[in-house]
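Source file entry-v9.cif; content: mmCIF, C-alpha atoms.
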data_work
loop_
_atom_site.label_atom_id
_atom_site.label_comp_id
_atom_site.auth_asym_id
_atom_site.auth_seq_id
_atom_site.Cartn_x
_atom_site.Cartn_y
_atom_site.Cartn_z
CA MET P 1 17.78 18.45 -17.85
CA THR P 2 15.78 16.03 -15.71
CA VAL P 3 15.67 12.44 -16.89
CA ARG P 4 13.54 9.48 -15.78
CA ILE P 5 14.37 5.82 -16.24
CA PRO P 6 12.03 2.95 -15.26
CA ILE P 7 13.41 0.74 -12.50
CA ILE P 8 10.99 -2.20 -12.45
CA ASN P 9 13.13 -4.97 -13.88
CA ASN P 10 14.13 -8.61 -13.42
CA THR P 11 15.32 -7.93 -9.84
CA TYR P 12 11.85 -6.81 -8.72
CA ARG P 13 10.61 -8.81 -5.74
CA PRO P 14 7.40 -7.83 -3.94
CA ASP P 15 6.48 -8.49 -0.33
CA ASP P 16 3.63 -10.89 0.35
CA SER P 17 0.17 -9.38 -0.44
CA ILE P 18 1.44 -7.45 -3.45
CA TYR P 19 0.37 -8.97 -6.73
CA VAL P 20 0.04 -8.27 -10.43
CA ALA P 21 -3.38 -8.24 -12.10
CA PRO P 22 -5.12 -6.68 -15.10
CA LEU P 23 -6.51 -3.25 -14.30
CA SER P 24 -10.02 -4.31 -15.28
CA SER P 25 -10.04 -7.11 -12.75
CA THR P 26 -9.04 -4.74 -9.95
CA LEU P 27 -10.78 -1.50 -10.84
CA THR P 28 -14.46 -1.09 -11.67
CA LEU P 29 -14.00 0.24 -15.18
CA THR P 30 -16.68 0.94 -17.78
CA ASN P 31 -13.95 1.18 -20.40
CA ALA P 32 -11.82 -1.92 -20.05
CA LYS P 33 -8.08 -1.65 -19.59
CA GLU P 34 -6.32 -5.00 -19.64
CA GLN P 35 -2.84 -3.71 -18.89
CA LEU P 36 -1.22 -5.23 -15.84
CA GLY P 37 -0.77 -3.22 -12.68
CA ILE P 38 1.01 -3.99 -9.43
CA ASN P 39 -1.61 -4.05 -6.69
CA TRP P 40 -0.05 -2.38 -3.69
CA PRO P 41 -2.37 -2.67 -0.67
CA TYR P 42 -2.40 -0.38 2.36
CA PRO P 43 -0.11 -1.64 5.11
CA THR P 44 -1.73 -2.99 8.28
CA GLY P 45 1.03 -3.19 10.84
CA SER P 46 4.31 -3.29 8.95
CA ASP P 47 5.81 -1.63 5.90
CA LEU P 48 4.71 -3.18 2.63
CA GLY P 49 6.64 -2.82 -0.59
CA PHE P 50 9.09 -4.26 -3.05
CA HIS P 51 12.80 -4.76 -3.53
CA VAL P 52 14.63 -3.80 -6.68
CA THR P 53 18.06 -2.80 -7.95
CA PHE P 54 19.06 -0.47 -10.76
CA ASP P 55 22.30 1.01 -12.01
CA ILE P 56 23.26 4.67 -12.09
CA PRO P 57 23.32 5.88 -15.73
CA GLU P 58 26.48 7.23 -17.36
CA ASN P 59 24.93 10.69 -17.75
CA TYR P 60 23.96 10.99 -14.06
CA SER P 61 24.86 14.25 -12.37
CA SER P 62 22.70 14.94 -9.28
CA SER P 63 19.26 15.21 -7.64
CA PRO P 64 18.27 11.54 -7.25
CA VAL P 65 14.54 10.90 -6.84
CA ILE P 66 12.34 7.82 -6.86
CA VAL P 67 9.02 8.50 -8.61
CA LEU P 68 6.06 6.18 -8.10
CA ARG P 69 3.28 6.47 -10.65
CA GLY P 70 0.03 4.56 -10.45
CA ILE P 71 -3.71 4.57 -10.00
CA ILE P 72 -5.70 5.30 -6.85
CA ASP P 73 -7.94 2.30 -6.13
CA GLY P 74 -10.56 3.71 -3.77
CA THR P 75 -11.68 7.00 -2.33
CA PRO P 76 -8.53 9.07 -1.76
CA ALA P 77 -8.54 10.15 1.87
CA ASN P 78 -6.11 10.29 4.78
CA THR P 79 -2.32 10.19 4.46
CA PHE P 80 -0.57 8.16 1.76
CA ALA P 81 3.04 7.59 2.77
CA VAL P 82 5.95 5.87 1.08
CA GLY P 83 9.58 5.34 1.88
CA CYS P 84 12.78 4.12 0.32
CA GLN P 85 15.81 2.55 1.88
CA GLN P 86 18.75 2.41 -0.48
CA LEU P 87 22.36 1.40 -0.70
CA SER P 88 24.66 2.05 -3.63
CA ARG P 89 27.54 -0.26 -4.36
CA ALA P 90 30.40 0.24 -6.75
CA SER P 91 32.42 -2.49 -8.38
CA SER P 92 34.35 -4.51 -5.76
CA GLU P 93 32.14 -3.32 -2.87
CA SER P 94 30.20 -5.92 -0.91
CA VAL P 95 26.42 -6.01 -1.05
CA ASP P 96 26.44 -7.38 2.49
CA THR P 97 25.97 -3.91 3.93
CA ALA P 98 22.96 -2.39 5.67
CA TYR P 99 20.62 -0.02 3.88
CA GLU P 100 21.07 3.65 4.70
CA ALA P 101 18.45 5.63 6.62
CA GLU P 102 15.07 5.84 4.94
CA ASP P 103 13.90 8.69 2.78
CA THR P 104 10.17 9.33 2.84
CA ALA P 105 7.35 11.20 1.19
CA SER P 106 3.68 11.58 2.02
CA ASN P 107 0.52 13.31 0.95
CA GLY P 108 -2.73 13.94 2.75
CA THR P 109 -4.28 16.51 0.44
CA TRP P 110 -6.45 14.98 -2.25
CA THR P 111 -8.12 17.99 -3.80
CA GLY P 112 -8.73 17.21 -7.45
CA TYR P 113 -8.18 13.46 -7.07
CA ALA P 114 -10.78 10.70 -7.14
CA ASP P 115 -11.00 6.93 -7.28
CA GLU P 116 -9.25 5.51 -10.38
CA ASP P 117 -7.21 8.67 -11.01
CA ILE P 118 -3.54 8.62 -11.94
CA TYR P 119 -1.38 9.71 -9.03
CA GLU P 120 2.34 10.27 -8.69
CA ILE P 121 4.54 10.75 -5.65
CA SER P 122 8.27 11.47 -5.47
CA ILE P 123 10.81 10.45 -2.84
CA THR P 124 13.93 12.60 -2.77
CA LEU P 125 16.91 10.35 -2.06
CA THR P 126 19.69 11.46 0.25
CA PRO P 127 22.51 8.95 -0.23
CA ALA P 128 25.35 9.21 2.26
CA SER P 129 27.78 9.48 -0.62
CA ALA P 130 26.85 10.94 -3.98
CA TYR P 131 25.95 8.36 -6.59
CA VAL P 132 28.54 7.66 -9.24
CA ALA P 133 27.74 6.48 -12.75
CA GLY P 134 27.87 2.71 -12.84
CA ASP P 135 26.93 2.23 -9.18
CA GLU P 136 24.35 -0.45 -8.47
CA VAL P 137 21.59 0.85 -6.20
CA PHE P 138 19.70 -1.60 -4.00
CA CYS P 139 16.30 -0.30 -2.93
CA TYR P 140 13.45 -1.30 -0.71
CA ILE P 141 10.48 0.89 -1.63
CA TYR P 142 7.46 0.60 0.63
CA ARG P 143 4.23 2.07 1.91
CA ASP P 144 5.24 3.42 5.30
CA ASP P 145 3.07 1.82 7.97
CA ASP P 146 4.13 4.35 10.60
CA VAL P 147 2.71 7.24 8.60
CA ASP P 148 0.28 5.79 6.04
CA THR P 149 -3.30 6.06 7.35
CA THR P 150 -5.13 5.25 4.12
CA THR P 151 -7.32 2.25 3.35
CA PHE P 152 -7.04 2.33 -0.43
CA SER P 153 -4.77 0.29 -2.67
CA PHE P 154 -2.35 1.90 -5.06
CA ILE P 155 -2.03 0.24 -8.45
CA LEU P 156 1.59 0.85 -9.37
CA LEU P 157 2.14 1.28 -13.11
CA ASN P 158 5.81 2.07 -12.91
CA ALA P 159 8.59 3.29 -10.67
CA TYR P 160 11.29 5.59 -11.96
CA PHE P 161 14.72 6.83 -11.02
CA GLU P 162 14.74 10.55 -11.78
CA TYR P 163 17.90 12.63 -11.89
CA THR P 164 19.59 15.64 -13.42
CA GLU P 165 21.87 14.65 -16.25
CA ALA P 166 25.43 15.86 -16.69
CA MET U 1 -12.91 -11.11 23.51
CA ALA U 2 -9.73 -11.12 21.55
CA VAL U 3 -7.71 -8.04 20.87
CA LEU U 4 -6.93 -8.14 17.17
CA ASP U 5 -3.29 -7.70 16.26
CA ASN U 6 -1.52 -6.64 13.11
CA ASP U 7 -1.39 -10.18 11.75
CA ASP U 8 -5.17 -10.38 12.15
CA PHE U 9 -5.64 -7.09 10.34
CA LYS U 10 -3.34 -8.23 7.56
CA GLU U 11 -5.44 -11.37 7.08
CA ILE U 12 -8.69 -9.41 7.15
CA ALA U 13 -7.35 -7.02 4.52
CA GLN U 14 -6.50 -9.99 2.30
CA TYR U 15 -10.04 -11.36 2.62
CA ILE U 16 -11.45 -7.98 1.72
CA ARG U 17 -9.31 -7.66 -1.39
CA LEU U 18 -10.55 -11.01 -2.66
CA SER U 19 -14.23 -10.25 -2.05
CA ASP U 20 -17.05 -8.58 -3.91
CA TYR U 21 -17.72 -6.39 -0.88
CA ASN U 22 -14.32 -4.79 -1.39
CA THR U 23 -16.20 -2.01 -3.17
CA GLU U 24 -17.77 -0.89 0.09
CA PHE U 25 -14.36 -0.42 1.66
CA LYS U 26 -12.91 1.24 -1.42
CA THR U 27 -15.56 3.92 -1.41
CA ALA U 28 -15.77 4.43 2.35
CA GLY U 29 -12.55 6.38 2.76
CA PHE U 30 -12.02 5.07 6.29
CA SER U 31 -8.75 5.96 7.97
CA LYS U 32 -6.70 2.98 9.03
CA ALA U 33 -7.44 3.68 12.69
CA GLU U 34 -11.18 3.69 11.94
CA TRP U 35 -10.84 0.56 9.81
CA LYS U 36 -9.04 -1.31 12.59
CA ALA U 37 -11.48 -0.07 15.23
CA LEU U 38 -14.44 -1.24 13.13
CA PHE U 39 -13.07 -4.78 13.04
CA GLN U 40 -12.25 -4.71 16.74
CA ALA U 41 -15.85 -3.62 17.38
CA ALA U 42 -17.08 -6.46 15.15
CA GLU U 43 -14.92 -8.95 17.05
CA ASP U 44 -16.19 -7.66 20.39
CA TRP U 45 -19.83 -7.69 19.30
CA PHE U 46 -19.81 -11.15 17.75
CA VAL U 47 -17.85 -12.84 20.50
CA GLY U 48 -19.87 -11.13 23.18
CA ALA U 49 -23.11 -12.12 21.48
CA PHE U 50 -22.33 -15.77 22.02
CA ASN U 51 -22.70 -15.21 25.75
CA THR U 52 -25.27 -12.49 26.24
CA THR U 53 -28.00 -10.75 24.34
CA PRO U 54 -26.25 -7.83 22.66
CA SER U 55 -27.17 -4.46 24.10
CA THR U 56 -27.01 -2.92 20.65
CA SER U 57 -27.32 -4.00 17.05
CA PHE U 58 -24.22 -4.96 15.12
CA LYS U 59 -24.46 -1.75 13.14
CA GLY U 60 -24.94 0.16 16.38
CA ALA U 61 -21.67 -1.25 17.67
CA LEU U 62 -19.90 -0.17 14.51
CA ASP U 63 -21.52 3.26 14.56
CA ALA U 64 -20.04 3.80 18.00
CA VAL U 65 -16.71 3.83 16.15
CA ILE U 66 -17.78 5.77 13.08
CA THR U 67 -21.13 6.14 11.36
CA THR U 68 -21.51 3.44 8.72
CA THR U 69 -24.00 2.82 5.97
CA SER U 70 -25.99 -0.41 6.04
CA ALA U 71 -23.89 -1.74 3.17
CA GLN U 72 -20.67 -0.85 4.96
CA ALA U 73 -21.84 -2.52 8.17
CA GLN U 74 -22.79 -5.64 6.23
CA ALA U 75 -19.40 -5.62 4.52
CA VAL U 76 -17.61 -5.42 7.86
CA GLY U 77 -19.74 -8.32 9.11
CA LYS U 78 -19.05 -10.43 6.04
CA ALA U 79 -15.33 -9.74 6.18
CA TRP U 80 -15.16 -10.54 9.88
CA MET U 81 -17.07 -13.81 9.39
CA ASN U 82 -14.99 -14.89 6.38
CA TRP U 83 -11.83 -14.21 8.31
CA ARG U 84 -12.84 -15.51 11.73
CA PHE U 85 -14.52 -18.72 10.57
CA SER U 86 -11.49 -19.64 8.47
CA LYS U 87 -9.24 -19.79 11.52
#

Encoded form using structure tokens:
Amino acid sequence: MTVRIPIINNTYRPDDSIYVAPLSSTLTLTNAKEQLGINWPYPTGSDLGFHVTFDIPENYSSSPVIVLRGIIDGTPANTFAVGCQQLSRASSESVDTAYEAEDTASNGTWTGYADEDIYEISITLTPASAYVAGDEVFCYIYRDDDVDTTTFSFILLNAYFEYTEA
Amino acid sequence: MAVLDNDDFKEIAQYIRLSDYNTEFKTAGFSKAEWKALFQAAEDWFVGAFNTTPSTSFKGALDAVITTTSAQAQAVGKAWMNWRFSK
């Protein structure tokens, strides 16, 4: 069975330009929504994202994926691209180790989507060594400037670690 | 005329996000390459206009990049001015 756990937590640290605001102050809504969203602008020359850590659950088995769920803030057009660099550390392993190679995902087909629609994209993770329950995973999740050609913001509602349970 | 770099574009994007004309950019659906080229065209037109009578309108300069609406052209102009005159 596939399981999702939210990974936005006390370790969350955004890059400059990313900020939290009520949806109604960012979107042009007729029906107010005062929930907070993480305003994630389009990158303009370098990757733009956030840093976070999470731990691998005890029932983890396989198929690690990062899922980003949010709201399209603008006309959806061109290629939306995200990436994730990650590093898992077990007890007694140093965090002073470089991230592994990036995993990426992108979409340039927006049929059925419009401004202010919910949108979700998944990044399949390919860790060098399989995750083990209890590992701490350090992530940098970003909009990939090399590939992203959009000029709309993404209002992130949550990020998830998705996996197949044992 | 200055060639805008990524730091310039980052600053311009921040001005846009804080403005009421952000709506024009949200609805335009420009690609990033078009978006950057529009602001480079604005930079070239404004800076050049200080020296010579422009050979085309501001909107004409933008439309050489991609066809814009009047509101979009005004939004590019406002964003460029807000950004440039703050430096």

Any chance you could resolve the PyMOL selection byres ((chain P) within 12 of (chain U)) against this file and give the residues as a VMD selection string? chain P and resid 16 to 19 25 to 28 39 to 48 72 to 80 108 110 114 to 116 145 to 154

As a PyMOL selection string, please: the residues near Val65 in chain U (cut-off 8 Å, all atoms listed in the file, same-chain neighbours under 3 positions excluded). chain U and resi 34+37-38+41+61-62

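What the PyMOL selection byres ((chain P and resi 102-105) around 6) matches in the given file is Ala81, Val82, Gly83, Cys84, Gln85, Ala101, Ser106, Ile123 and Leu125 of chain P.
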
Hey, can you spit out that residue selection with C-alpha atoms as a PDB file, in the coordinates of the input?
ATOM      1  CA  ALA P  81       3.040   7.590   2.770  1.00  0.00           C
ATOM      2  CA  VAL P  82       5.950   5.870   1.080  1.00  0.00           C
ATOM      3  CA  GLY P  83       9.580   5.340   1.880  1.00  0.00           C
ATOM      4  CA  CYS P  84      12.780   4.120   0.320  1.00  0.00           C
ATOM      5  CA  GLN P  85      15.810   2.550   1.880  1.00  0.00           C
ATOM      6  CA  ALA P 101      18.450   5.630   6.620  1.00  0.00           C
ATOM      7  CA  SER P 106       3.680  11.580   2.020  1.00  0.00           C
ATOM      8  CA  ILE P 123      10.810  10.450  -2.840  1.00  0.00           C
ATOM      9  CA  LEU P 125      16.910  10.350  -2.060  1.00  0.00           C
TER      10      LEU P 125
END

Grab the CA of Pro22 in chain P to CA of Ile71 in chain P distance for me, in Å with one decimal place.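 About the pair CA of Pro22 in chain P and CA of Ile71 in chain P: they are 12.4 Å apart.
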
Residues matched by the PyMOL selection byres ((chain P and resi 157) around 12), written as a VMD selection string: chain P and resid 6 to 8 20 to 23 35 to 40 67 to 72 118 to 120 154 to 156 158 to 160

For the residues selected in the previous step, produce a file with C-alpha atoms as an mmCIF file, in the coordinates of the input.
data_model
loop_
_atom_site.group_PDB
_atom_site.id
_atom_site.type_symbol
_atom_site.label_atom_id
_atom_site.label_comp_id
_atom_site.auth_asym_id
_atom_site.auth_seq_id
_atom_site.Cartn_x
_atom_site.Cartn_y
_atom_site.Cartn_z
ATOM 1 C CA PRO P 6 12.030 2.950 -15.260
ATOM 2 C CA ILE P 7 13.410 0.740 -12.500
ATOM 3 C CA ILE P 8 10.990 -2.200 -12.450
ATOM 4 C CA VAL P 20 0.040 -8.270 -10.430
ATOM 5 C CA ALA P 21 -3.380 -8.240 -12.100
ATOM 6 C CA PRO P 22 -5.120 -6.680 -15.100
ATOM 7 C CA LEU P 23 -6.510 -3.250 -14.300
ATOM 8 C CA GLN P 35 -2.840 -3.710 -18.890
ATOM 9 C CA LEU P 36 -1.220 -5.230 -15.840
ATOM 10 C CA GLY P 37 -0.770 -3.220 -12.680
ATOM 11 C CA ILE P 38 1.010 -3.990 -9.430
ATOM 12 C CA ASN P 39 -1.610 -4.050 -6.690
ATOM 13 C CA TRP P 40 -0.050 -2.380 -3.690
ATOM 14 C CA VAL P 67 9.020 8.500 -8.610
ATOM 15 C CA LEU P 68 6.060 6.180 -8.100
ATOM 16 C CA ARG P 69 3.280 6.470 -10.650
ATOM 17 C CA GLY P 70 0.030 4.560 -10.450
ATOM 18 C CA ILE P 71 -3.710 4.570 -10.000
ATOM 19 C CA ILE P 72 -5.700 5.300 -6.850
ATOM 20 C CA ILE P 118 -3.540 8.620 -11.940
ATOM 21 C CA TYR P 119 -1.380 9.710 -9.030
ATOM 22 C CA GLU P 120 2.340 10.270 -8.690
ATOM 23 C CA PHE P 154 -2.350 1.900 -5.060
ATOM 24 C CA ILE P 155 -2.030 0.240 -8.450
ATOM 25 C CA LEU P 156 1.590 0.850 -9.370
ATOM 26 C CA ASN P 158 5.810 2.070 -12.910
ATOM 27 C CA ALA P 159 8.590 3.290 -10.670
ATOM 28 C CA TYR P 160 11.290 5.590 -11.960
#
